[in-house]
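Down below is the structure, laid out as structure tokens.
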Amino acid sequence: MKRDHHFLVRLRHHGVWKYTLICAGLLSCLAFSPLLLQQNELHFGPLNIPRQLWLGLFVAAGFLALTIVAAVVHPGSVDRDKE
Amino acid sequence: MNVWLTIIGGTYLIALVFFAIRARGQNTDVSNYLFAGSNIGAFIGCLTIGATLFSTFTLMGMPDFVRNHGVGAWFFLGVSDTAMAIVMLWFAFHLRNKASQLGFQGMSRLLRQRYGYEFVGWVYFVAILMFLVPYVAIQIRGVSIFLAALYPDFIPVWGWCLCVMLTLLAYSELGGLRAIIYSDALQGILLLSVTWIVAFLCLSRAGGIKEMFSRLSEETSSLLTIPGPEGLITPQFLIASFVIICLLPVTQPQLATRLVIIKDFSAVRLMVVAVAVFSILVILPTLGIGFYGALYYQEASPADFLAGVLVGEQTAYIGATVIVGLLAAAMSTADSQLFALGTELRSILPGTSEQSLTVTRLVIFAFGLTTLVFALVSSDQLVQLARVSFAGTALLAPMILAAVLLTQRLSFWIPGATVIALLIFLASLAGIVPDTFSGLRIDLLLLCVLAVTTVTSLVISRQSLLPVPD
């Protein structure tokens with residue numbers, strides 16, 4: 001338990017947090033790139049769901065994963081609680 | 001149906017009365033009334049933000065948007081709202097930091113403190129008034145039209161608008177922000193449950209996901225690719241919407257206030273993750289409802305489609321739950337925004353806290369009546385009008401971000417440029433100025449110009465106003 005706590009403390013560093021933001025930025029660029037948005041032909045993935053919708057779902061899942069990572073690694077600390 | 005509607009609607013109203021009375025008992029001072037004691041946990045925080053964020057425009061507007069524009073709707077709202085959670089975490093930290101230095105009575109006062117000019121607070125307030133009142137109005141109008149279509153010989157549209165407005169004003173005035181947050185939590189759960197129940201039933205009737213998409217590819221395949229049958233969902237539309245939606249926690253006062261009143265930063269961490277999950281869970285089922293509509297209600301009007309799919313095809317108790325869920329969705333967004341407008345005005349008015357609280361209550365009531373008038377005359381295009389409202393408030397973002405993120409003296413030119421951008425945007429809505437410039441949407445262009453102006457003015461003026469924190 002204590003080791004986990006120290007691991008979290010090490011993770012909560014501005015450097016790690018900034019990498020999360022960079023990843024979010026890159027994912028945003030990917031989400032609205034021609035790679036995802038300009039597909040002339042209709043393709044289907046599993047469950048007959050259109051490929052573009054699958055990609056959109058994966059992008060949203062990516063943002064969710066990044067939100068979880070961001071919430072864990074955000075340095076935080078300076079807070080209203082210190083008033 | 002009427003029996004079930006009476007039972008479920010009655011239970012819902014009793015719950016609202018209970019929340020209002022309980023909150024009134026806990027509101028020992030002005031701060032408690034306006035900021036719910038600044039002691040909101042992660043779970044309630046997520047539900048109140050979720051309920052405030054997702055309104056009738058999610059449950060009514062999104063299925064109709066999907067029916068007309070297809071898979072691009074997911075990129076428009078699903079992807080953008082999930083990304084917004086990261087911005088929410090980042091902004092919450094800096095806003096809470098600034099609130100601990102300067103105190104937080106409202107964004108208007110914070111801006112006035114940081115820029116040192118009285119008029120900056122008013123710029124913010126007038127802008128949110130201009131764009132939030134129509135937004136609240138379309139929520140109430142949307143649900144009222146729906147109810148009037150369901151019960152044509154019972155109460156007219158204006159009667160439903162009046163009932164919704166009086167109910168939300170009653171519990172907001174009585175219990176303050178705490179009552180709103182409690183009711184938001186209930187409304188959030190109701191909204192989520194209703195969308196999933198309806199989506200599940202729609203998919204069952206369509207023969208499952210696989211069968212539904214097979215039929216769609218045969219009948220209206222253009223719905224399954226971007227930009228959709230009408231060509232609306234272009235990359236530029238999506239990028240502009242993405243930026244605007246990601247900036248909602250920065251520009252919308254009801255969201256910014258909730259970020260400050262969460263009890264500590266650990267709760268904020270949990271809350272943003274929960275908001276991201278909530279966003280996916282609440283938007284995903286609207287795709288199922290919308291695609292079902294594209295198969296079975298292809299030629300129907302939006303009102304007929306929604307009345308059919310949300311109530312007409314459902315059993316009595318599910319239909320009644322949907323109606324109450326729709327009312328809850330409209331009220332949870334409207335009450336938060338009206339209360340936020342009142343709080344913002346109070347924060348820039350002079351006077352003692354008790355005097356200004358009375359003024360705030362009167363102002364919220366006045367905003368409610370103004371919204372009611374707007375609700376009776378506004379258009380029925382829920383999603384498009386919501387987007388215009390978000391785009392208008394997004395123009396405030398560079399001015400707010402400079403005030404919250406930086407410690408240096410801020411130039412007069414930042415709010416000055418914001419005023420000019422707002423005027424140009426309003427002129428484009430009125431048709432006086434074109435809504436595109438060299439192929440670029442005016443909202444995106446104005447946002448870019450404001451960002452450049454803000455950065456340039458910050459580089460030019462580097463004199464420090466506040467001590468840099470350790």
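Simple scheme: letters A, B, ... for chains in structure tokens order, numbers from 1 for residues in each chain, numbers from 1 for ligands in the order shown.
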
Contact check, chain B to chain A, at most 7 Å, counting only C-alpha atoms, closest pairs as a Markdown table:
| residue | atom | partner | partner_atom | distance |
| --- | --- | --- | --- | --- |
| B:Val71 | CA | A:Leu53 | CA | 5.9 |
| B:Trp74 | CA | A:Gly56 | CA | 6.8 |
| B:Phe75 | CA | A:Gly56 | CA | 6.1 |
| B:Gly78 | CA | A:Ala60 | CA | 6.8 |
| B:Val79 | CA | A:Ala60 | CA | 4.8 |
| B:Thr82 | CA | A:Phe63 | CA | 5.9 |
| B:Ala83 | CA | A:Phe63 | CA | 5.5 |
| B:Ala85 | CA | A:Thr67 | CA | 6.5 |
| B:Ile86 | CA | A:Thr67 | CA | 5.4 |
| B:Phe93 | CA | A:Gly76 | CA | 6.7 |
| B:Arg96 | CA | A:Arg80 | CA | 5.8 |
| B:Asn97 | CA | A:Asp79 | CA | 5.5 |
| B:Ala99 | CA | A:Arg80 | CA | 6.9 |
| B:Ser100 | CA | A:Arg80 | CA | 4.8 |
| B:Ile209 | CA | A:Leu47 | CA | 6.6 |
| B:Lys210 | CA | A:Leu47 | CA | 5.0 |
| B:Phe213 | CA | A:Asn48 | CA | 6.0 |
| B:Ser214 | CA | A:Asn48 | CA | 6.7 |
| B:Leu224 | CA | A:Pro50 | CA | 6.1 |
| B:Thr225 | CA | A:Leu42 | CA | 6.5 |
| B:Ile226 | CA | A:Leu37 | CA | 6.3 |
| B:Pro235 | CA | A:Phe32 | CA | 6.4 |
| B:Ile239 | CA | A:Phe32 | CA | 6.7 |
| B:Asp264 | CA | A:Asp81 | CA | 6.3 |
| B:Phe265 | CA | A:Gly76 | CA | 6.7 |
| B:Arg269 | CA | A:Ala71 | CA | 4.8 |
| B:Val273 | CA | A:Ile68 | CA | 5.8 |
| B:Ala276 | CA | A:Leu64 | CA | 6.0 |

| said: Could you list, as an MDAnalysis selection string, every residue within 7 Å of B:Phe76, counting only C-alpha atoms and ignoring same-chain residues fewer than 3 positions away? | reply: chainID B and resid 72:73 79:80 238 241:242

Next, the residues of the selection above should be written as a CSV table (one decimal), in the first residue's frame with C-alpha atoms.
chain,number,residue,atom,x,y,z
B,72,GLY,CA,-20.8,12.3,-37.7
B,73,ALA,CA,-23.0,13.1,-34.7
B,79,VAL,CA,-15.7,12.6,-29.0
B,80,SER,CA,-15.8,16.3,-28.0
B,238,LEU,CA,-16.3,19.2,-36.3
B,241,SER,CA,-17.5,22.3,-32.4
B,242,PHE,CA,-14.7,20.3,-30.7

| Suppose you want the space between atom CA of B:Gly45 and atom CA of B:Ile262; what is it in Å? |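 Result for atom CA of B:Gly45 versus atom CA of B:Ile262: 6.7 Å, one decimal.
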
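Neighbouring residues of B:Thr52 at 8 Å or closer, counting only C-alpha atoms and skipping chain neighbours under 6 positions away, are B:Asp184, B:Gln254, B:Leu255, B:Ser332, B:Thr333, B:Ala334, B:Ser336.
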
With 7 Å as the cut-off and only C-alpha atoms counted, what is the closest atom pair between each nearby residue of stretch 319-419 of chain B and stretch 139-161 of chain B? Distances in Å to one decimal, ordered by chain and number, as CSV.
residue,atom,partner,partner_atom,distance
B:Leu326,CA,B:Val143,CA,6.6
B:Leu327,CA,B:Val143,CA,6.6
B:Ala330,CA,B:Gln139,CA,5.3
B:Leu372,CA,B:Cys161,CA,6.7
B:Ala375,CA,B:Arg141,CA,5.0
B:Leu376,CA,B:Trp158,CA,6.4
B:Asp380,CA,B:Gly142,CA,6.7

| query | Leaving out B:Ser31 and any residue of its chain fewer than 6 positions from it, which residues lie within 10 Å of it when counting only C-alpha atoms, given as a list in words? | reply |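 The residues satisfying every condition are Gly37, Ser38, Gln105, Gly176, Leu177, Ser353 and Leu357 of chain B.
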
| query | Can you list, as a ChimeraX atom specification, every residue of stretch 373-431 of chain B that DSSP puts in alpha helix (DSSP H)? | reply | /B:373-377,382-394,397-405,413-429

| Using only C-alpha atoms, which residues sit within 10 Å of B:Val120 once same-chain residues fewer than 3 positions away are excluded, as a ChimeraX atom specification? | /B:108-117,123-126,399,412,414-416,418-419

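Rounded to one decimal, atom CA of B:Leu247 and atom CA of B:Met84 lie 7.3 Å from each other.
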
Write out as a CSV table (one decimal) with all heavy atoms, in the first residue's frame which residues come within 12 Å of B:Arg387 when counting only C-alpha atoms, dropping same-chain ones fewer than 2 positions away.
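Saved result, around.csv, follows:
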chain,number,residue,atom,x,y,z
B,57,PHE,N,-31.6,18.7,-25.2
B,57,PHE,CA,-30.9,18.7,-26.5
B,57,PHE,C,-30.1,17.4,-26.7
B,57,PHE,O,-29.9,16.9,-27.8
B,57,PHE,CB,-30.0,20.0,-26.6
B,57,PHE,CG,-28.5,19.8,-26.8
B,57,PHE,CD1,-28.1,19.6,-28.1
B,57,PHE,CD2,-27.6,19.8,-25.8
B,57,PHE,CE1,-26.7,19.4,-28.4
B,57,PHE,CE2,-26.3,19.7,-26.1
B,57,PHE,CZ,-25.8,19.5,-27.3
B,61,GLY,N,-32.7,16.4,-29.1
B,61,GLY,CA,-32.0,16.9,-30.2
B,61,GLY,C,-31.1,15.9,-30.8
B,61,GLY,O,-31.0,15.8,-32.1
B,76,PHE,N,-19.2,14.8,-33.4
B,76,PHE,CA,-19.7,16.1,-33.0
B,76,PHE,C,-19.8,16.2,-31.5
B,76,PHE,O,-19.3,17.2,-30.9
B,76,PHE,CB,-21.0,16.5,-33.7
B,76,PHE,CG,-21.8,17.6,-33.1
B,76,PHE,CD1,-21.2,18.9,-33.1
B,76,PHE,CD2,-23.0,17.4,-32.5
B,76,PHE,CE1,-22.0,19.9,-32.5
B,76,PHE,CE2,-23.7,18.5,-32.0
B,76,PHE,CZ,-23.2,19.7,-32.0
B,77,LEU,N,-20.5,15.2,-30.8
B,77,LEU,CA,-20.7,15.4,-29.4
B,77,LEU,C,-20.0,14.3,-28.6
B,77,LEU,O,-19.4,14.7,-27.5
B,77,LEU,CB,-22.2,15.3,-29.2
B,77,LEU,CG,-22.7,15.9,-27.9
B,77,LEU,CD1,-22.5,17.4,-27.9
B,77,LEU,CD2,-24.2,15.7,-27.7
B,131,PHE,N,-26.3,34.8,-24.6
B,131,PHE,CA,-26.2,33.5,-25.2
B,131,PHE,C,-26.9,32.4,-24.3
B,131,PHE,O,-27.2,31.3,-24.8
B,131,PHE,CB,-24.8,33.1,-25.5
B,131,PHE,CG,-24.2,33.9,-26.6
B,131,PHE,CD1,-23.2,34.9,-26.4
B,131,PHE,CD2,-24.7,33.8,-27.9
B,131,PHE,CE1,-22.7,35.7,-27.4
B,131,PHE,CE2,-24.2,34.6,-28.9
B,131,PHE,CZ,-23.2,35.5,-28.7
B,132,LEU,N,-27.0,32.6,-23.0
B,132,LEU,CA,-27.6,31.6,-22.2
B,132,LEU,C,-29.1,31.6,-22.1
B,132,LEU,O,-29.7,30.6,-22.1
B,132,LEU,CB,-27.0,31.6,-20.7
B,132,LEU,CG,-25.5,31.1,-20.6
B,132,LEU,CD1,-25.2,30.9,-19.1
B,132,LEU,CD2,-25.2,29.9,-21.3
B,134,PRO,N,-31.3,32.5,-24.5
B,134,PRO,CA,-31.9,31.8,-25.6
B,134,PRO,C,-31.7,30.2,-25.4
B,134,PRO,O,-32.6,29.5,-25.8
B,134,PRO,CB,-31.2,32.3,-26.8
B,134,PRO,CG,-30.6,33.6,-26.4
B,134,PRO,CD,-30.3,33.5,-25.0
B,135,TYR,N,-30.6,29.8,-24.9
B,135,TYR,CA,-30.3,28.4,-24.8
B,135,TYR,C,-31.3,27.8,-23.8
B,135,TYR,O,-31.8,26.7,-24.0
B,135,TYR,CB,-28.8,28.2,-24.3
B,135,TYR,CG,-28.4,26.8,-24.2
B,135,TYR,CD1,-28.5,25.9,-25.2
B,135,TYR,CD2,-28.0,26.3,-22.9
B,135,TYR,CE1,-28.1,24.6,-25.1
B,135,TYR,CE2,-27.7,24.9,-22.8
B,135,TYR,CZ,-27.7,24.1,-23.8
B,135,TYR,OH,-27.4,22.8,-23.7
B,138,ILE,N,-34.7,27.5,-25.3
B,138,ILE,CA,-35.0,26.4,-26.3
B,138,ILE,C,-35.2,25.1,-25.6
B,138,ILE,O,-35.8,24.2,-26.1
B,138,ILE,CB,-33.9,26.3,-27.4
B,138,ILE,CG1,-32.5,26.1,-26.8
B,138,ILE,CG2,-34.0,27.4,-28.4
B,138,ILE,CD1,-31.5,25.8,-27.9
B,237,PHE,N,-16.6,22.0,-39.4
B,237,PHE,CA,-17.7,22.0,-38.5
B,237,PHE,C,-17.3,21.3,-37.2
B,237,PHE,O,-17.5,21.7,-36.1
B,237,PHE,CB,-19.0,21.4,-39.1
B,237,PHE,CG,-20.1,21.2,-38.2
B,237,PHE,CD1,-21.1,22.3,-38.0
B,237,PHE,CD2,-20.3,20.1,-37.5
B,237,PHE,CE1,-22.2,22.1,-37.2
B,237,PHE,CE2,-21.4,19.9,-36.6
B,237,PHE,CZ,-22.3,20.9,-36.5
B,238,LEU,N,-16.7,20.1,-37.4
B,238,LEU,CA,-16.3,19.2,-36.3
B,238,LEU,C,-15.2,19.9,-35.5
B,238,LEU,O,-15.3,19.8,-34.2
B,238,LEU,CB,-15.9,17.9,-36.8
B,238,LEU,CG,-17.0,17.0,-37.3
B,238,LEU,CD1,-16.4,15.7,-37.9
B,238,LEU,CD2,-18.0,16.7,-36.2
B,240,ALA,N,-14.4,23.1,-35.2
B,240,ALA,CA,-15.0,24.3,-34.5
B,240,ALA,C,-15.8,23.8,-33.3
B,240,ALA,O,-15.7,24.3,-32.2
B,240,ALA,CB,-15.8,25.1,-35.4
B,241,SER,N,-16.7,22.8,-33.5
B,241,SER,CA,-17.5,22.3,-32.4
B,241,SER,C,-16.7,21.7,-31.3
B,241,SER,O,-17.0,21.8,-30.1
B,241,SER,CB,-18.5,21.2,-33.0
B,241,SER,OG,-19.2,21.7,-34.0
B,242,PHE,N,-15.6,21.0,-31.7
B,242,PHE,CA,-14.7,20.3,-30.7
B,242,PHE,C,-14.1,21.4,-29.8
B,242,PHE,O,-14.1,21.3,-28.6
B,242,PHE,CB,-13.6,19.6,-31.5
B,242,PHE,CG,-12.6,18.9,-30.6
B,242,PHE,CD1,-12.9,17.7,-30.0
B,242,PHE,CD2,-11.3,19.4,-30.4
B,242,PHE,CE1,-12.0,17.0,-29.2
B,242,PHE,CE2,-10.4,18.8,-29.6
B,242,PHE,CZ,-10.7,17.6,-29.0
B,243,VAL,N,-13.6,22.5,-30.4
B,243,VAL,CA,-12.9,23.5,-29.6
B,243,VAL,C,-14.0,24.2,-28.7
B,243,VAL,O,-13.8,24.4,-27.5
B,243,VAL,CB,-12.3,24.6,-30.6
B,243,VAL,CG1,-11.8,25.8,-29.8
B,243,VAL,CG2,-11.2,24.0,-31.4
B,244,ILE,N,-15.1,24.5,-29.3
B,244,ILE,CA,-16.2,25.2,-28.5
B,244,ILE,C,-16.7,24.3,-27.4
B,244,ILE,O,-16.8,24.8,-26.2
B,244,ILE,CB,-17.4,25.5,-29.5
B,244,ILE,CG1,-17.0,26.6,-30.4
B,244,ILE,CG2,-18.6,25.8,-28.7
B,244,ILE,CD1,-17.9,26.7,-31.6
B,245,ILE,N,-16.9,23.0,-27.6
B,245,ILE,CA,-17.4,22.1,-26.5
B,245,ILE,C,-16.3,21.9,-25.5
B,245,ILE,O,-16.6,21.9,-24.3
B,245,ILE,CB,-17.8,20.8,-27.1
B,245,ILE,CG1,-19.2,21.0,-27.9
B,245,ILE,CG2,-18.1,19.7,-26.0
B,245,ILE,CD1,-19.7,19.9,-28.7
B,248,LEU,N,-16.3,24.6,-22.9
B,248,LEU,CA,-17.5,24.8,-22.0
B,248,LEU,C,-17.2,25.0,-20.5
B,248,LEU,O,-17.7,25.9,-19.9
B,248,LEU,CB,-18.5,23.7,-22.2
B,248,LEU,CG,-19.3,23.6,-23.5
B,248,LEU,CD1,-20.2,22.5,-23.5
B,248,LEU,CD2,-20.0,24.9,-23.7
B,381,GLN,N,-35.0,24.5,-33.7
B,381,GLN,CA,-33.8,23.8,-34.0
B,381,GLN,C,-32.9,23.6,-32.8
B,381,GLN,O,-32.0,24.4,-32.6
B,381,GLN,CB,-33.0,24.5,-35.1
B,381,GLN,CG,-33.8,24.5,-36.5
B,381,GLN,CD,-33.9,23.1,-37.1
B,381,GLN,OE1,-33.0,22.4,-37.1
B,381,GLN,NE2,-35.1,22.8,-37.5
B,382,LEU,N,-33.1,22.6,-32.0
B,382,LEU,CA,-32.5,22.5,-30.7
B,382,LEU,C,-30.9,22.4,-30.8
B,382,LEU,O,-30.3,23.2,-30.2
B,382,LEU,CB,-32.9,21.2,-30.0
B,382,LEU,CG,-34.3,21.2,-29.3
B,382,LEU,CD1,-34.6,19.9,-28.6
B,382,LEU,CD2,-34.3,22.3,-28.2
B,383,VAL,N,-30.4,21.5,-31.6
B,383,VAL,CA,-29.0,21.3,-31.6
B,383,VAL,C,-28.3,22.5,-32.2
B,383,VAL,O,-27.3,23.0,-31.7
B,383,VAL,CB,-28.7,20.0,-32.4
B,383,VAL,CG1,-27.2,19.9,-32.6
B,383,VAL,CG2,-29.2,18.8,-31.6
B,384,GLN,N,-28.8,23.0,-33.3
B,384,GLN,CA,-28.2,24.1,-34.0
B,384,GLN,C,-28.1,25.4,-33.1
B,384,GLN,O,-27.1,26.1,-33.0
B,384,GLN,CB,-28.9,24.5,-35.3
B,384,GLN,CG,-28.9,23.3,-36.3
B,384,GLN,CD,-27.5,23.2,-37.0
B,384,GLN,OE1,-26.5,23.4,-36.4
B,384,GLN,NE2,-27.6,22.8,-38.3
B,385,LEU,N,-29.3,25.6,-32.4
B,385,LEU,CA,-29.3,26.8,-31.5
B,385,LEU,C,-28.4,26.6,-30.3
B,385,LEU,O,-27.8,27.6,-29.8
B,385,LEU,CB,-30.7,27.1,-31.0
B,385,LEU,CG,-31.6,27.9,-32.0
B,385,LEU,CD1,-33.0,27.9,-31.5
B,385,LEU,CD2,-31.1,29.3,-32.1
B,389,SER,N,-25.2,29.0,-29.2
B,389,SER,CA,-25.0,29.5,-27.8
B,389,SER,C,-23.6,29.2,-27.3
B,389,SER,O,-22.9,30.0,-26.7
B,389,SER,CB,-26.1,28.9,-26.9
B,389,SER,OG,-25.8,29.0,-25.6
B,390,PHE,N,-23.2,27.9,-27.5
B,390,PHE,CA,-21.8,27.5,-27.1
B,390,PHE,C,-20.8,28.3,-27.8
B,390,PHE,O,-19.8,28.7,-27.2
B,390,PHE,CB,-21.6,26.0,-27.4
B,390,PHE,CG,-22.5,25.1,-26.6
B,390,PHE,CD1,-22.7,23.8,-27.0
B,390,PHE,CD2,-23.2,25.5,-25.5
B,390,PHE,CE1,-23.5,22.9,-26.3
B,390,PHE,CE2,-24.0,24.7,-24.7
B,390,PHE,CZ,-24.1,23.4,-25.2
B,391,ALA,N,-21.0,28.6,-29.2
B,391,ALA,CA,-20.0,29.3,-29.9
B,391,ALA,C,-19.9,30.7,-29.4
B,391,ALA,O,-18.8,31.3,-29.4
B,391,ALA,CB,-20.4,29.3,-31.4
B,392,GLY,N,-21.0,31.4,-29.1
B,392,GLY,CA,-21.0,32.7,-28.6
B,392,GLY,C,-20.2,32.8,-27.3
B,392,GLY,O,-19.3,33.7,-27.1
B,393,THR,N,-20.5,31.9,-26.3
B,393,THR,CA,-19.8,32.0,-25.0
B,393,THR,C,-18.3,31.6,-25.2
B,393,THR,O,-17.4,32.0,-24.4
B,393,THR,CB,-20.4,31.1,-24.0
B,393,THR,OG1,-20.6,29.8,-24.5
B,393,THR,CG2,-21.8,31.7,-23.5
B,394,ALA,N,-18.0,30.8,-26.2
B,394,ALA,CA,-16.6,30.3,-26.4
B,394,ALA,C,-15.7,31.5,-26.7
B,394,ALA,O,-14.5,31.5,-26.4
B,394,ALA,CB,-16.5,29.3,-27.5
B,443,ASP,N,-17.0,31.7,-36.5
B,443,ASP,CA,-16.8,31.5,-35.0
B,443,ASP,C,-15.3,31.0,-34.8
B,443,ASP,O,-14.7,31.4,-33.9
B,443,ASP,CB,-17.8,30.5,-34.5
B,443,ASP,CG,-18.0,29.2,-35.3
B,443,ASP,OD1,-17.3,29.1,-36.3
B,443,ASP,OD2,-18.9,28.4,-35.0

| When you draw a straight line from atom CA of B:Lys263 to atom CA of B:Asn39, how long is it in Å? |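 Going from atom CA of B:Lys263 over to atom CA of B:Asn39 covers 4.3 Å.
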
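On the backbone of this structure, DSSP gives strand (DSSP E) within stretch 413-463 of chain B to Thr436, Phe437, Leu440 and Arg441 of chain B.
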
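With only C-alpha atoms as the atoms that count, the residue of B:Phe374, B:Phe291, B:Thr234, B:Glu344 with the shortest distance to B:Leu440 is B:Thr234.
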
| stretch 303-306 of chain B surroundings by only C-alpha atoms, 9 Å radius, close-in-sequence under 3 positions cut, as number ranges by chain | B: 60, 63-64, 145-146, 149, 293, 296-300, 309-312
